[in-house]
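K.L.:
Pasting structure.pdb here (PDB, C-alpha atoms, pLDDT in the B column):
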ATOM      1  CA  MET A 202     -11.651  49.015  99.169  1.00 71.00           C
ATOM      2  CA  ALA A 203     -11.735  48.856 102.960  1.00 72.00           C
ATOM      3  CA  MET A 204      -8.773  46.512 102.946  1.00 70.00           C
ATOM      4  CA  ALA A 205      -6.739  48.964 100.871  1.00 74.00           C
ATOM      5  CA  TRP A 206      -7.511  51.752 103.354  1.00 69.00           C
ATOM      6  CA  ARG A 207      -6.538  49.516 106.253  1.00 71.00           C
ATOM      7  CA  GLN A 208      -3.218  48.672 104.624  1.00 74.00           C
ATOM      8  CA  LEU A 209      -2.563  52.340 103.875  1.00 69.00           C
ATOM      9  CA  ILE A 210      -3.268  53.359 107.474  1.00 72.00           C
ATOM     10  CA  THR A 211      -1.098  50.618 108.975  1.00 70.00           C
ATOM     11  CA  ASN A 212       1.751  51.422 106.581  1.00 71.00           C
ATOM     12  CA  THR A 213       1.690  55.115 107.470  1.00 62.00           C
ATOM     13  CA  LYS A 214       1.555  54.358 111.194  1.00 58.00           C
ATOM     14  CA  THR A 215       4.635  52.168 111.008  1.00 53.00           C
ATOM     15  CA  ALA A 216       6.456  54.677 108.799  1.00 51.00           C
ATOM     16  CA  VAL A 217       5.704  57.553 111.144  1.00 51.00           C
ATOM     17  CA  SER A 218       6.168  55.776 114.451  1.00 50.00           C
ATOM     18  CA  VAL A 219       9.537  54.154 113.660  1.00 48.00           C
ATOM     19  CA  PRO A 220      12.127  56.811 112.816  1.00 49.00           C
ATOM     20  CA  THR A 221      15.209  55.387 111.210  1.00 49.00           C
ATOM     21  CA  GLN A 222      18.715  56.764 111.057  1.00 49.00           C
ATOM     22  CA  ARG A 223      18.172  57.592 107.392  1.00 49.00           C
ATOM     23  CA  ALA A 224      15.119  59.725 108.214  1.00 48.00           C
ATOM     24  CA  ILE A 225      17.043  61.691 110.848  1.00 51.00           C
ATOM     25  CA  SER A 226      20.125  62.429 108.773  1.00 52.00           C
ATOM     26  CA  THR A 227      19.651  64.010 105.393  1.00 52.00           C
ATOM     27  CA  PRO A 228      21.511  61.946 102.793  1.00 55.00           C
ATOM     28  CA  GLY A 229      23.417  63.893 100.179  1.00 55.00           C
ATOM     29  CA  PHE A 230      23.215  67.134 102.154  1.00 52.00           C
ATOM     30  CA  SER A 231      26.906  67.144 102.994  1.00 51.00           C
ATOM     31  CA  ARG A 232      27.873  67.423  99.340  1.00 54.00           C
ATOM     32  CA  PHE A 233      26.870  71.100  99.327  1.00 54.00           C
ATOM     33  CA  PHE A 234      29.514  71.980 101.888  1.00 52.00           C
ATOM     34  CA  SER A 235      33.205  72.120 101.147  1.00 51.00           C
ATOM     35  CA  LYS A 236      35.564  69.717 102.820  1.00 48.00           C
ATOM     36  CA  SER A 237      37.926  70.854 105.548  1.00 48.00           C
ATOM     37  CA  SER A 238      40.962  69.865 103.488  1.00 47.00           C
ATOM     38  CA  SER A 239      40.313  72.690 100.998  1.00 51.00           C
ATOM     39  CA  PRO A 240      42.990  75.403 100.776  1.00 54.00           C
ATOM     40  CA  TYR A 241      41.460  78.129 102.942  1.00 49.00           C
ATOM     41  CA  LEU A 242      43.072  81.003 104.755  1.00 44.00           C
ATOM     42  CA  VAL A 243      43.092  80.992 108.524  1.00 53.00           C
ATOM     43  CA  LYS A 244      42.927  84.782 108.819  1.00 80.00           C
ATOM     44  CA  VAL A 245      40.459  86.612 106.584  1.00 87.00           C
ATOM     45  CA  GLY A 246      40.613  90.360 106.211  1.00 90.00           C
ATOM     46  CA  ILE A 247      39.022  92.828 103.820  1.00 91.00           C
ATOM     47  CA  PRO A 248      41.668  92.373 101.057  1.00 91.00           C
ATOM     48  CA  GLU A 249      41.486  88.555 101.184  1.00 91.00           C
ATOM     49  CA  PHE A 250      37.695  88.660 101.212  1.00 92.00           C
ATOM     50  CA  LEU A 251      37.429  90.961  98.196  1.00 93.00           C
ATOM     51  CA  ASN A 252      40.134  89.085  96.278  1.00 92.00           C
ATOM     52  CA  GLY A 253      38.218  85.868  96.965  1.00 92.00           C
ATOM     53  CA  ILE A 254      35.084  87.372  95.436  1.00 93.00           C
ATOM     54  CA  GLY A 255      36.939  88.652  92.375  1.00 92.00           C
ATOM     55  CA  LYS A 256      34.920  90.146  89.468  1.00 93.00           C
ATOM     56  CA  GLY A 257      36.419  93.634  89.911  1.00 93.00           C
ATOM     57  CA  VAL A 258      35.442  93.981  93.568  1.00 94.00           C
ATOM     58  CA  GLU A 259      39.104  93.870  94.637  1.00 93.00           C
ATOM     59  CA  ALA A 260      39.558  97.373  93.182  1.00 94.00           C
ATOM     60  CA  HIS A 261      37.730  98.804  96.215  1.00 94.00           C
ATOM     61  CA  VAL A 262      40.059  97.420  98.896  1.00 93.00           C
ATOM     62  CA  ALA A 263      41.539 100.834  99.759  1.00 93.00           C
ATOM     63  CA  LYS A 264      38.116 102.529  99.987  1.00 93.00           C
ATOM     64  CA  LEU A 265      36.658  99.846 102.239  1.00 93.00           C
ATOM     65  CA  GLU A 266      39.692  99.669 104.520  1.00 93.00           C
ATOM     66  CA  THR A 267      39.671 103.433 105.090  1.00 94.00           C
ATOM     67  CA  GLU A 268      35.885 103.847 105.436  1.00 93.00           C
ATOM     68  CA  ILE A 269      34.944 100.615 107.244  1.00 92.00           C
ATOM     69  CA  GLY A 270      38.286  99.438 108.591  1.00 88.00           C
ATOM     70  CA  ASP A 271      37.311  96.142 110.202  1.00 91.00           C
ATOM     71  CA  PHE A 272      36.344  92.934 108.413  1.00 92.00           C
ATOM     72  CA  HIS A 273      33.565  92.172 110.904  1.00 93.00           C
ATOM     73  CA  LYS A 274      32.069  95.615 110.266  1.00 93.00           C
ATOM     74  CA  LEU A 275      32.114  94.814 106.541  1.00 93.00           C
ATOM     75  CA  LEU A 276      30.094  91.669 107.206  1.00 93.00           C
ATOM     76  CA  VAL A 277      27.259  93.704 108.760  1.00 93.00           C
ATOM     77  CA  THR A 278      27.488  96.725 106.449  1.00 93.00           C
ATOM     78  CA  ARG A 279      24.345  97.620 104.561  1.00 95.00           C
ATOM     79  CA  THR A 280      23.932  98.636 100.945  1.00 94.00           C
ATOM     80  CA  LEU A 281      23.446 102.374 101.612  1.00 96.00           C
ATOM     81  CA  LYS A 282      26.797 102.580 103.392  1.00 95.00           C
ATOM     82  CA  LEU A 283      28.497 100.890 100.426  1.00 95.00           C
ATOM     83  CA  LYS A 284      26.670 103.235  98.059  1.00 95.00           C
ATOM     84  CA  LYS A 285      27.889 106.305  99.977  1.00 95.00           C
ATOM     85  CA  ILE A 286      31.449 104.974  99.745  1.00 93.00           C
ATOM     86  CA  GLY A 287      31.036 104.901  95.951  1.00 94.00           C
ATOM     87  CA  ILE A 288      30.859 101.212  95.094  1.00 94.00           C
ATOM     88  CA  PRO A 289      28.797 100.406  91.961  1.00 95.00           C
ATOM     89  CA  CYS A 290      25.553  98.448  92.251  1.00 95.00           C
ATOM     90  CA  GLN A 291      26.686  95.077  90.847  1.00 96.00           C
ATOM     91  CA  GLN A 292      29.757  95.050  93.060  1.00 95.00           C
ATOM     92  CA  ARG A 293      27.680  96.023  96.117  1.00 95.00           C
ATOM     93  CA  LYS A 294      25.417  93.080  95.388  1.00 96.00           C
ATOM     94  CA  LEU A 295      28.400  90.739  95.160  1.00 96.00           C
ATOM     95  CA  ILE A 296      29.899  92.012  98.425  1.00 95.00           C
ATOM     96  CA  LEU A 297      26.604  91.650 100.272  1.00 96.00           C
ATOM     97  CA  LYS A 298      25.899  88.206  98.780  1.00 96.00           C
ATOM     98  CA  TYR A 299      29.284  86.796  99.735  1.00 95.00           C
ATOM     99  CA  ALA A 300      29.200  88.474 103.154  1.00 94.00           C
ATOM    100  CA  HIS A 301      25.926  86.694 103.853  1.00 96.00           C
ATOM    101  CA  LYS A 302      27.350  83.364 102.674  1.00 95.00           C
ATOM    102  CA  TYR A 303      30.444  83.919 104.830  1.00 94.00           C
ATOM    103  CA  ARG A 304      28.334  84.646 107.927  1.00 93.00           C
ATOM    104  CA  LEU A 305      26.390  81.424 107.368  1.00 94.00           C
ATOM    105  CA  GLY A 306      29.602  79.447 106.917  1.00 91.00           C
ATOM    106  CA  LEU A 307      28.809  78.436 103.338  1.00 94.00           C
ATOM    107  CA  TRP A 308      31.721  80.236 101.664  1.00 91.00           C
ATOM    108  CA  ARG A 309      35.287  81.259 102.472  1.00 90.00           C
ATOM    109  CA  PRO A 310      37.906  82.850 100.234  1.00 88.00           C
ATOM    110  CA  ARG A 311      40.580  80.508  98.927  1.00 82.00           C
ATOM    111  CA  ALA A 312      44.183  80.776 100.015  1.00 70.00           C
ATOM    112  CA  GLU A 313      45.352  81.113  96.429  1.00 67.00           C
ATOM    113  CA  PRO A 314      43.375  83.362  94.105  1.00 54.00           C
ATOM    114  CA  MET A 315      41.715  81.613  91.191  1.00 57.00           C
ATOM    115  CA  LYS A 316      43.484  82.087  87.859  1.00 62.00           C
ATOM    116  CA  ALA A 317      41.556  83.590  84.969  1.00 59.00           C
ATOM    117  CA  LYS A 318      41.173  81.316  81.947  1.00 57.00           C
TER
END
So, in terms of structure tokens, how does the structure I just supplied come out?
P.N.:
Amino acid sequence: MAMAWRQLITNTKTAVSVPTQRAISTPGFSRFFSKSSSPYLVKVGIPEFLNGIGKGVEAHVAKLETEIGDFHKLLVTRTLKLKKIGIPCQQRKLILKYAHKYRLGLWRPRAEPMKAK
């Protein structure tokens, strides 16, 4: 029993004290991010952003451009502002979800809109 404990302690000491390259980099983590060769727009505005989301959100382009005006203001807009503009709940949720993903760099609208099946 004591020998098993000794082996366990020495194994954990060597595992903790010797960091390897594999322990520092997270394998498989890069697969969650899109590659740079994907067809993305260079300039993103409110119409491109809403068309990239799809699901009926693109119908509110005119409202958002007149009320908010700037794409960067849209990224920090809160739900009450969108509600006062007259955007329905599900579409507000989509706008806020994709705005958050865009700010984190996890999502960008595609250059060509996706075709409906």
K.L.:
Around the point (34.1, 89.5, 94.8) in the file's coordinates, collect all residues with an atom within 10 Å, using only C-alpha atoms, and return them as a VMD selection string.
P.N.:
chain A and resid 249 to 260 292 to 300 310
K.L.:
Just to confirm, what's the straight-line distance from CA of Ile286 (chain A) to CA of Val245 (chain A) in Å (one decimal)?
P.N.:
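Calculated distance between CA of Ile286 (chain A) and CA of Val245 (chain A) is 21.6 Å.
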K.L.:
Between CA of Lys274 (chain A) and CA of Arg304 (chain A), what is the distance in Å, rounded to a tenth?
P.N.:
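Atom-to-atom, CA of Lys274 (chain A) and CA of Arg304 (chain A) are spaced 11.8 Å apart.
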K.L.:
Just the number, please: distance in Å from CA of Leu281 (chain A) to CA of Leu307 (chain A), one decimal.
P.N.:
24.6 Å
K.L.:
May I ask you to restore all heavy atoms in region 299-310 of chain A and write the result as a JSON list (two decimals), in the frame of the given file?
P.N.:
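In the end it all went to result.json:
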[["chain", "number", "residue", "atom", "x", "y", "z"],
["A", 299, "TYR", "N", 28.23, 87.63, 99.17],
["A", 299, "TYR", "CA", 29.28, 86.80, 99.74],
["A", 299, "TYR", "C", 29.46, 87.04, 101.23],
["A", 299, "TYR", "O", 29.88, 86.13, 101.95],
["A", 299, "TYR", "CB", 30.59, 87.01, 98.97],
["A", 299, "TYR", "CG", 30.60, 86.25, 97.67],
["A", 299, "TYR", "CD1", 30.23, 86.85, 96.48],
["A", 299, "TYR", "CD2", 30.96, 84.91, 97.65],
["A", 299, "TYR", "CE1", 30.23, 86.15, 95.29],
["A", 299, "TYR", "CE2", 30.97, 84.20, 96.47],
["A", 299, "TYR", "CZ", 30.60, 84.82, 95.30],
["A", 299, "TYR", "OH", 30.60, 84.10, 94.12],
["A", 300, "ALA", "N", 29.15, 88.23, 101.71],
["A", 300, "ALA", "CA", 29.20, 88.47, 103.15],
["A", 300, "ALA", "C", 28.15, 87.62, 103.87],
["A", 300, "ALA", "O", 28.41, 87.05, 104.93],
["A", 300, "ALA", "CB", 28.98, 89.95, 103.46],
["A", 301, "HIS", "N", 26.98, 87.52, 103.26],
["A", 301, "HIS", "CA", 25.93, 86.69, 103.85],
["A", 301, "HIS", "C", 26.33, 85.22, 103.86],
["A", 301, "HIS", "O", 26.15, 84.52, 104.86],
["A", 301, "HIS", "CB", 24.62, 86.89, 103.08],
["A", 301, "HIS", "CG", 23.48, 86.12, 103.62],
["A", 301, "HIS", "ND1", 22.92, 86.38, 104.85],
["A", 301, "HIS", "CD2", 22.80, 85.07, 103.12],
["A", 301, "HIS", "CE1", 21.93, 85.54, 105.07],
["A", 301, "HIS", "NE2", 21.84, 84.73, 104.03],
["A", 302, "LYS", "N", 26.90, 84.75, 102.73],
["A", 302, "LYS", "CA", 27.35, 83.36, 102.67],
["A", 302, "LYS", "C", 28.46, 83.11, 103.69],
["A", 302, "LYS", "O", 28.51, 82.05, 104.30],
["A", 302, "LYS", "CB", 27.86, 83.03, 101.27],
["A", 302, "LYS", "CG", 26.78, 82.88, 100.25],
["A", 302, "LYS", "CD", 27.39, 82.49, 98.92],
["A", 302, "LYS", "CE", 26.34, 82.27, 97.87],
["A", 302, "LYS", "NZ", 26.92, 81.78, 96.62],
["A", 303, "TYR", "N", 29.35, 84.08, 103.87],
["A", 303, "TYR", "CA", 30.44, 83.92, 104.83],
["A", 303, "TYR", "C", 29.90, 83.83, 106.25],
["A", 303, "TYR", "O", 30.35, 83.01, 107.05],
["A", 303, "TYR", "CB", 31.42, 85.09, 104.71],
["A", 303, "TYR", "CG", 32.63, 84.96, 105.60],
["A", 303, "TYR", "CD1", 33.75, 84.26, 105.17],
["A", 303, "TYR", "CD2", 32.65, 85.51, 106.87],
["A", 303, "TYR", "CE1", 34.86, 84.11, 105.98],
["A", 303, "TYR", "CE2", 33.76, 85.37, 107.69],
["A", 303, "TYR", "CZ", 34.85, 84.67, 107.24],
["A", 303, "TYR", "OH", 35.94, 84.53, 108.06],
["A", 304, "ARG", "N", 28.93, 84.68, 106.58],
["A", 304, "ARG", "CA", 28.33, 84.65, 107.93],
["A", 304, "ARG", "C", 27.67, 83.31, 108.21],
["A", 304, "ARG", "O", 27.71, 82.82, 109.33],
["A", 304, "ARG", "CB", 27.29, 85.76, 108.08],
["A", 304, "ARG", "CG", 27.87, 87.12, 108.33],
["A", 304, "ARG", "CD", 26.80, 88.08, 108.79],
["A", 304, "ARG", "NE", 25.62, 88.06, 107.97],
["A", 304, "ARG", "CZ", 25.32, 88.96, 107.04],
["A", 304, "ARG", "NH1", 26.12, 89.97, 106.82],
["A", 304, "ARG", "NH2", 24.21, 88.87, 106.33],
["A", 305, "LEU", "N", 27.06, 82.71, 107.18],
["A", 305, "LEU", "CA", 26.39, 81.42, 107.37],
["A", 305, "LEU", "C", 27.37, 80.25, 107.36],
["A", 305, "LEU", "O", 27.00, 79.14, 107.69],
["A", 305, "LEU", "CB", 25.35, 81.20, 106.26],
["A", 305, "LEU", "CG", 24.16, 82.14, 106.28],
["A", 305, "LEU", "CD1", 23.27, 81.86, 105.09],
["A", 305, "LEU", "CD2", 23.39, 82.00, 107.57],
["A", 306, "GLY", "N", 28.61, 80.51, 106.97],
["A", 306, "GLY", "CA", 29.60, 79.45, 106.92],
["A", 306, "GLY", "C", 29.56, 78.63, 105.64],
["A", 306, "GLY", "O", 30.09, 77.53, 105.58],
["A", 307, "LEU", "N", 28.93, 79.16, 104.59],
["A", 307, "LEU", "CA", 28.81, 78.44, 103.34],
["A", 307, "LEU", "C", 29.92, 78.77, 102.35],
["A", 307, "LEU", "O", 30.06, 78.09, 101.34],
["A", 307, "LEU", "CB", 27.46, 78.75, 102.68],
["A", 307, "LEU", "CG", 26.23, 78.35, 103.48],
["A", 307, "LEU", "CD1", 24.97, 78.81, 102.79],
["A", 307, "LEU", "CD2", 26.21, 76.86, 103.67],
["A", 308, "TRP", "N", 30.68, 79.82, 102.61],
["A", 308, "TRP", "CA", 31.72, 80.24, 101.66],
["A", 308, "TRP", "C", 32.86, 80.86, 102.43],
["A", 308, "TRP", "O", 32.65, 81.56, 103.42],
["A", 308, "TRP", "CB", 31.15, 81.25, 100.67],
["A", 308, "TRP", "CG", 32.14, 81.75, 99.68],
["A", 308, "TRP", "CD1", 32.51, 81.14, 98.53],
["A", 308, "TRP", "CD2", 32.91, 82.96, 99.76],
["A", 308, "TRP", "NE1", 33.45, 81.90, 97.89],
["A", 308, "TRP", "CE2", 33.72, 83.02, 98.61],
["A", 308, "TRP", "CE3", 32.99, 83.98, 100.69],
["A", 308, "TRP", "CZ2", 34.59, 84.07, 98.38],
["A", 308, "TRP", "CZ3", 33.86, 85.03, 100.45],
["A", 308, "TRP", "CH2", 34.65, 85.06, 99.30],
["A", 309, "ARG", "N", 34.09, 80.59, 101.97],
["A", 309, "ARG", "CA", 35.29, 81.26, 102.47],
["A", 309, "ARG", "C", 36.22, 81.51, 101.30],
["A", 309, "ARG", "O", 36.25, 80.71, 100.37],
["A", 309, "ARG", "CB", 36.00, 80.41, 103.52],
["A", 309, "ARG", "CG", 35.30, 80.42, 104.86],
["A", 309, "ARG", "CD", 36.06, 79.65, 105.89],
["A", 309, "ARG", "NE", 37.39, 80.16, 106.13],
["A", 309, "ARG", "CZ", 37.70, 81.04, 107.07],
["A", 309, "ARG", "NH1", 36.77, 81.50, 107.86],
["A", 309, "ARG", "NH2", 38.94, 81.43, 107.24],
["A", 310, "PRO", "N", 36.97, 82.60, 101.33],
["A", 310, "PRO", "CA", 37.91, 82.85, 100.23],
["A", 310, "PRO", "C", 39.03, 81.82, 100.23],
["A", 310, "PRO", "O", 39.47, 81.36, 101.28],
["A", 310, "PRO", "CB", 38.44, 84.26, 100.51],
["A", 310, "PRO", "CG", 38.11, 84.55, 101.91],
["A", 310, "PRO", "CD", 36.95, 83.69, 102.29]]
